[in-house]
Amino acid sequence: MRSDRTYGPAARILSRVALLAAVVLPSVLSATPAAAETRGYVISWFATAVNTRDFATDCPLAAKDNKTAADALGPARKDTAMVDGKPVPTSSYPAAVQKDPDIETIKGKFAYGFDLGGPAKNKFVDPDTGGKVDNQLWRAIGCHSNFARRPPPEMPYSEALGWNAMLDSAPGWVMQISGADLSHDGPVTVTLDRALRHVERDARGGVRNNVTYIIDPATRSHNELSGEIKRGVLNITSGVIFMVADLPFYTQVDLANAHIRMNSDNDGSLEGYWGGHADWHAWMYLYTARPAASDPVGFYWALRKLADADPDPATGQNRRISTTWRMQAVPAFLANVDGKVLATASSEPLGSPSQAAAALP
Amino acid sequence: MKFIGRKTLYSLIIGASAIAYTAIPSLGASEPAATDPPFPTSQRLSPSQYKQTIADIFGESIKVSGRFEPEQRDRGLLAVGARTTNVTDSGFQAYDEIAREVTAQVVDLKHRSAIIGCTPKSDNRRDDSCARAFFTRVGPLLYRRPLTRDEIGNAVQAAGLGADKLKDFYAGVRLSLEGMLISPEFLLRFKKMEPDPANPGQERINAYSKAAALSYFLWNSTPDQDLLEAAKNGSLNNRAGLELQVNRLLASPRAADGVRAFFADFLGFSEFEHVSKEAAFFPNYTATIKQQAQEQTLRTISDHVVNQHGDYRDLFTTPNTFLTLDLASLYGVPLVDTTDNGQPQRWIKYTYPQGDARSGILSQASFTSLWSPSGRTSPTSRGKALRELLLCQIVPAPPGNVEFKFVEDTTNPKLKTTRDRITAHRSEAMCAGCHKLTDPQGLALENFDSSGQLRSKENGVAIDASGEFDGVKFSGTYEFLQAVRNHKQVTTCVAQRAFEYETGYTPPRNDPRWTKVQESFAASKYDVLELLRQIALSDLSYSSPSKTTTASR
């Protein structure tokens, strides 16, 4: 399957250069006036954006009975893989499996995400916005028990385990939103960074708000995106996001054609979605490293077939796949390593209250 | 030897040694004859005093774990309650368990050579010489006086018996030491009186009792060797010698321990044991915050009082405090902590802008959250606590048939704020009188929710923190804090409580010695260390309670 969307290495380098220029030039030239207001947030929840409301419609084969589901989704299959004529573990060498198991993929209509410009035949409908959605990763993995039958906003089981295990040690991700007046709609600049410290928990086991985080001065996870607040919703429709993570299931977030849509709650917290085109090999590595939580062979072949962006110039095989993550963020103070406070924690929603209320589904 | 045999032997030796220690008259060879006064003059060690004492004698690495018997608050202070409470059976059992844990560490391979101080001829049998050296050195620190020859002999004998039976020198020492740790001579501080040679027919406090009183008052721990020596050579009985020791104790950084212990008691921090908050409403209020809230206030006080020699009254308005990341998040302020990931949060000095509502110790969560129910604020509780704790006033208890329907219904659309609800409650005549005493100052702190978090609105309505406090009008929280600062009873109350903390008795108001203490406190611009110094030096502190006025409720 080929796609017109190209994100080869050269394009990626160019986009990083452009990003660097976007970060450095304004400060050098002082051409852009400083934002009147900057609010800070720390990511408090992050997982694949699952959406199973009608399993029978989404996955009719698996819904028939448990045996069918087992056949279709891996546990009962007898895959074999050979390398140089020798049998090897299928989970470590899914590409060496001699036959595509052709696992069942999502047949339903709904999935969370964004219109990333993919072909019409791939489109889902977003349950919240009613908009068109490219989310081939969800199509590939959504029938597996790790992801299916979990109404949003639940985390996939394996991701929940990893998230809760690492929350108290993995450096957090932080987000700044800058604009002239964040209590009203308008253009904003969104900056994503990694913090130097892990997030702090609250009395419910969630993430505590109003904590001050120091932004990691290393620029590898620094991202700056342009967007707007419209009817109280933060929207970003193009950009590149690259962030290093210390989570077992995500060692990095690497999104081309990145989109963000986050609603603002009355307590100032944000919830919504990040989407774009992710490297499906990287995604596969994370899941094949833990075969018990997934179907590495089935996923490999499904992702390979359904990948919808960034074709390899030599083979034509798409290297990226449309995907969506559900995110939540709570207000946080953000400072640089020199102690300068860059963003304040606000309990006020983005946009005016009436605008935010109007944006609710 | 089988386990049951060991256990039985253990109990027999411990019981025998504890009884022996208790039954032996506490007359040291160099100690003047003392008499037991006809009034209760013992004081149980508080948990913090027990822990600090163990740390001072055996080292910081000896951990005291286990739950102590609950303390009793009397006349506003646990230190007063500690003079009237007994040790119950279960409390004694708890002390025994704690003692077993402590002694096990003292003789373990990691600590034995450093703490015992001598090496037995054989690990497998008794060595009375080594045991005697150990108990001769440690005994006076534990009992806060020299041990008699018989007491040392009993300790050595118990250790030897244990070593013989268990074929382990250190097990024997452990058993004997455990007996000392559950002895009343260790668990209770006794105020022994003796004939006063300067005033025939009258009594004075025994020098070792005075040394212990001074040490626990100013350091919250057992007397050190210098203080015991001053008791031994009699210098504590004269003014110059007493002054020398008091000044030495107060000049030490360890005076901060004494100040912290007093204020933790004075501010009622033991009540935190009963505090919980609805996580659904106050997710930032964690068990850690409960601990940090107390520590914040104690650090604020310790820095102001010990390091800065600041005016006590300024504690109610000072912009200076110490915060952690979690506390800063509760108060809604940024705090830059560059501690490496994975390391514990640090305490960082923080200064609010002048005039900030979060100034002073009353705006801290150690007060606002401590005196609030789990799901809402209670201006009445806060106001009552302020009057009783900080002004030494008495607020009558509510009648049994009081109706709480207005204050507890936080969903009434017509009564959106706590002020609205409490005003409706006060409209009932039976409630109005007492609420006039408590509510104005409680309402002045309504900008702090039940968890201590700053808020400007309640149910969408702006909070009105104005009012009048004992004739002083204020427009908001900071002006109220200034009114508290300037209230004449804040200084007289802390002085009274400090004296009661040290002696267990209310100071006699018209006694010139008490007047002198207060005048010196005022002359020092309300330097709390000077207050403690004057109390420690005053004859009044060492008089028998029959010559003072017994505290009244």
# chains A, B, ... in the order shown; residues from 1 in each chain; ligands from 1

call {"tool": "interface_residues", "arguments": {"of": "chain B", "to": "chain A", "cutoff": "12 Å", "atoms": "only C-alpha atoms", "output": "CSV table (one decimal) with C-alpha atoms, in the first residue's frame"}}
result
chain,number,residue,atom,x,y,z
B,276,SER,CA,-8.6,13.1,57.0
B,277,LYS,CA,-9.9,14.9,53.9
B,278,GLU,CA,-12.3,13.8,51.2
B,279,ALA,CA,-10.0,12.9,48.4
B,280,ALA,CA,-12.7,13.7,45.9
B,281,PHE,CA,-12.8,17.3,47.1
B,282,PHE,CA,-9.2,17.8,48.1
B,283,PRO,CA,-7.1,15.5,46.0
B,284,ASN,CA,-3.9,17.4,46.8
B,285,TYR,CA,-4.3,16.6,50.5
B,286,THR,CA,-2.2,13.5,51.0
B,287,ALA,CA,-0.8,11.7,54.0
B,288,THR,CA,2.5,13.3,53.1
B,289,ILE,CA,0.9,16.8,53.2
B,290,LYS,CA,-0.3,16.1,56.8
B,323,LEU,CA,7.9,24.8,51.3
B,324,THR,CA,8.2,21.5,49.5
B,325,LEU,CA,7.0,20.9,46.0
B,326,ASP,CA,3.8,19.2,47.4
B,327,LEU,CA,3.1,22.0,49.8
B,328,ALA,CA,3.8,24.7,47.2
B,329,SER,CA,1.2,23.0,45.0
B,330,LEU,CA,-1.3,23.0,47.8
B,331,TYR,CA,-0.8,26.7,48.3
B,332,GLY,CA,-0.7,27.4,44.6
B,333,VAL,CA,2.7,28.9,44.3
B,334,PRO,CA,5.7,28.0,42.1
B,335,LEU,CA,8.7,26.5,43.9
B,336,VAL,CA,11.8,25.7,42.0
B,337,ASP,CA,13.3,22.5,43.3
B,338,THR,CA,16.2,21.2,41.2
B,339,THR,CA,16.6,18.0,43.2
B,340,ASP,CA,17.5,15.1,41.0
B,341,ASN,CA,14.7,12.9,39.8
B,342,GLY,CA,14.0,10.2,42.4
B,343,GLN,CA,15.4,12.1,45.3
B,344,PRO,CA,13.1,13.2,48.2
B,345,GLN,CA,11.6,16.6,48.0
B,451,SER,CA,-7.3,21.3,53.0
B,453,GLN,CA,-5.6,25.5,49.7
B,454,LEU,CA,-6.1,29.1,48.9
B,455,ARG,CA,-9.5,30.0,47.3
B,456,SER,CA,-11.1,33.2,46.3
B,460,GLY,CA,-19.0,30.7,42.6

call {"tool": "residues_around", "arguments": {"residues": "Ser252 (chain B)", "least_positions_apart": "5", "cutoff": "12 Å", "atoms": "only C-alpha atoms", "output": "MDAnalysis selection string"}}
result
chainID B and resid 215 218:219 245:247 257:259 306:307 529

call {"tool": "residues_around", "arguments": {"residues": "Ser122 (chain B)", "least_positions_apart": "6", "cutoff": "10 Å", "atoms": "only C-alpha atoms", "output": "list of chain:residue names"}}
result
B:Lys167, B:Asp168, B:Phe169

call {"tool": "write_last_selection", "arguments": {"atoms": "N, CA and C atoms", "output": "tab-separated table (two decimals), in the first residue's frame"}}
result
chain	number	residue	atom	x	y	z
B	167	LYS	N	23.98	-18.62	76.48
B	167	LYS	CA	25.35	-18.80	75.97
B	167	LYS	C	25.70	-17.71	74.95
B	168	ASP	N	25.38	-16.50	75.32
B	168	ASP	CA	25.59	-15.36	74.41
B	168	ASP	C	25.71	-14.10	75.26
B	169	PHE	N	26.91	-13.54	75.31
B	169	PHE	CA	27.13	-12.33	76.11
B	169	PHE	C	26.17	-11.21	75.70

call {"tool": "residues_around", "arguments": {"residues": "Ala357 (chain B)", "least_positions_apart": "6", "cutoff": "9 Å", "atoms": "only C-alpha atoms", "output": "PyMOL selection string"}}
result
chain B and resi 317+363+445+447+454+476-479+481

call {"tool": "write_last_selection", "arguments": {"atoms": "C-alpha atoms", "output": "compact mmCIF listing (two decimals), in the first residue's frame"}}
result
# COMPACT_ATOMS: atom_id res chain seq x y z
CA THR B 317 2.35 37.83 59.82
CA SER B 363 -2.69 30.58 57.22
CA LEU B 445 -9.64 32.43 57.20
CA ASN B 447 -9.96 31.99 51.92
CA LEU B 454 -6.13 29.12 48.87
CA GLY B 476 -9.46 40.75 54.79
CA THR B 477 -7.23 37.91 55.85
CA TYR B 478 -3.95 39.77 56.15
CA GLU B 479 -5.45 42.56 58.26
CA LEU B 481 -3.52 38.26 60.86

call {"tool": "closest_residue", "arguments": {"among": "A:Trp280, A:Val83, A:Ser294, A:Ser221", "to": "Pro156 (chain A)", "atoms": "only C-alpha atoms"}}
result
A:Ser294

call {"tool": "select_by_dssp", "arguments": {"residues": "region 136-224 of chain A", "states": "strand (DSSP E or B)", "output": "JSON, numbers by chain"}}
result
{"A": [171, 172, 173, 174, 175, 176, 177, 178, 179, 186, 187, 188, 189, 190, 191, 192, 193, 194, 195, 196, 197, 198, 201, 207, 212, 213, 214, 215, 223, 224]}

call {"tool": "write_last_selection", "arguments": {"atoms": "C-alpha atoms", "output": "compact mmCIF listing (two decimals), in the first residue's frame"}}
result
# COMPACT_ATOMS: atom_id res chain seq x y z
CA PRO A 171 10.39 12.29 34.07
CA GLY A 172 7.12 13.94 33.18
CA TRP A 173 6.10 15.66 29.99
CA VAL A 174 5.14 19.28 30.26
CA MET A 175 3.27 21.65 28.05
CA GLN A 176 3.18 25.42 27.80
CA ILE A 177 0.39 27.31 26.11
CA SER A 178 1.17 30.93 25.32
CA GLY A 179 -1.12 33.54 23.93
CA GLY A 186 -7.15 33.15 19.57
CA PRO A 187 -3.80 31.98 18.24
CA VAL A 188 -1.45 30.26 20.65
CA THR A 189 1.98 28.72 20.75
CA VAL A 190 2.22 25.30 22.33
CA THR A 191 5.54 24.10 23.65
CA LEU A 192 6.14 20.50 24.67
CA ASP A 193 9.12 19.47 26.76
CA ARG A 194 10.36 16.85 29.08
CA ALA A 195 10.69 17.67 32.78
CA LEU A 196 13.65 16.81 34.95
CA ARG A 197 11.50 15.14 37.56
CA HIS A 198 8.70 12.62 37.70
CA ARG A 201 0.67 11.96 42.79
CA VAL A 207 -1.41 13.36 39.15
CA THR A 212 6.38 23.16 39.74
CA TYR A 213 8.46 21.24 37.19
CA ILE A 214 11.85 22.16 35.82
CA ILE A 215 12.09 21.85 32.06
CA ASN A 223 8.75 20.91 20.45
CA GLU A 224 7.11 24.16 19.50

call {"tool": "residues_around", "arguments": {"residues": "Tyr526 (chain B)", "least_positions_apart": "3", "cutoff": "7 Å", "atoms": "only C-alpha atoms", "output": "PyMOL selection string"}}
result
chain B and resi 311-312+521-522

call {"tool": "write_last_selection", "arguments": {"atoms": "N, CA and C atoms", "output": "short mmCIF file (atom, residue, chain, number, x, y, z; two decimals), in the first residue's frame"}}
result
data_model
loop_
_atom_site.label_atom_id
_atom_site.label_comp_id
_atom_site.auth_asym_id
_atom_site.auth_seq_id
_atom_site.Cartn_x
_atom_site.Cartn_y
_atom_site.Cartn_z
N ASP B 311 10.58 38.42 66.86
CA ASP B 311 9.46 38.74 67.76
C ASP B 311 8.39 37.65 67.60
N TYR B 312 8.01 37.06 68.70
CA TYR B 312 7.01 35.98 68.64
C TYR B 312 5.77 36.43 67.87
N PHE B 521 10.41 38.89 78.97
CA PHE B 521 9.96 38.46 77.65
C PHE B 521 9.62 39.69 76.80
N ALA B 522 8.88 40.61 77.39
CA ALA B 522 8.51 41.84 76.67
C ALA B 522 9.74 42.67 76.34
#

call {"tool": "residues_around", "arguments": {"residues": "Asp254 (chain A)", "least_positions_apart": "2", "cutoff": "12 Å", "atoms": "only C-alpha atoms", "output": "PyMOL selection string"}}
result
chain A and resi 7+12+16+220-223+239-245+250-252+256-258+274-283+320-325

call {"tool": "write_last_selection", "arguments": {"atoms": "C-alpha atoms", "output": "tab-separated table (two decimals), in the first residue's frame"}}
result
chain	number	residue	atom	x	y	z
A	7	TYR	CA	8.02	11.75	5.62
A	12	ARG	CA	12.27	14.71	8.93
A	16	ARG	CA	13.64	19.48	12.66
A	220	ARG	CA	15.82	16.64	22.12
A	221	SER	CA	12.29	16.58	23.50
A	222	HIS	CA	11.60	20.25	22.86
A	223	ASN	CA	8.75	20.91	20.45
A	239	GLY	CA	3.62	19.92	13.23
A	240	VAL	CA	6.15	17.39	14.39
A	241	ILE	CA	6.31	16.00	17.89
A	242	PHE	CA	9.25	14.06	19.20
A	243	MET	CA	9.54	13.30	22.89
A	244	VAL	CA	11.64	10.82	24.78
A	245	ALA	CA	9.80	8.78	27.37
A	250	TYR	CA	6.52	4.13	24.94
A	251	THR	CA	10.18	4.98	24.83
A	252	GLN	CA	9.36	7.87	22.59
A	256	ALA	CA	4.70	13.47	11.94
A	257	ASN	CA	1.71	15.42	10.69
A	258	ALA	CA	0.94	15.92	14.38
A	274	TRP	CA	-2.79	13.82	20.07
A	275	GLY	CA	-2.56	12.18	16.68
A	276	GLY	CA	-0.41	11.89	13.62
A	277	HIS	CA	1.72	9.44	11.76
A	278	ALA	CA	3.89	7.23	13.97
A	279	ASP	CA	6.69	4.85	13.07
A	280	TRP	CA	4.95	1.48	13.19
A	281	HIS	CA	8.20	-0.47	13.52
A	282	ALA	CA	8.99	1.45	16.69
A	283	TRP	CA	5.50	0.73	17.95
A	320	ARG	CA	4.32	5.22	9.32
A	321	ILE	CA	0.78	4.66	10.41
A	322	SER	CA	-1.95	7.00	11.49
A	323	THR	CA	-2.60	6.84	15.21
A	324	THR	CA	-4.16	8.69	18.11
A	325	TRP	CA	-3.33	8.92	21.81

call {"tool": "atom_distance", "arguments": {"atom1": "CA of Tyr41 (chain A)", "atom2": "CA of Ser269 (chain A)"}}
result
7.8 Å
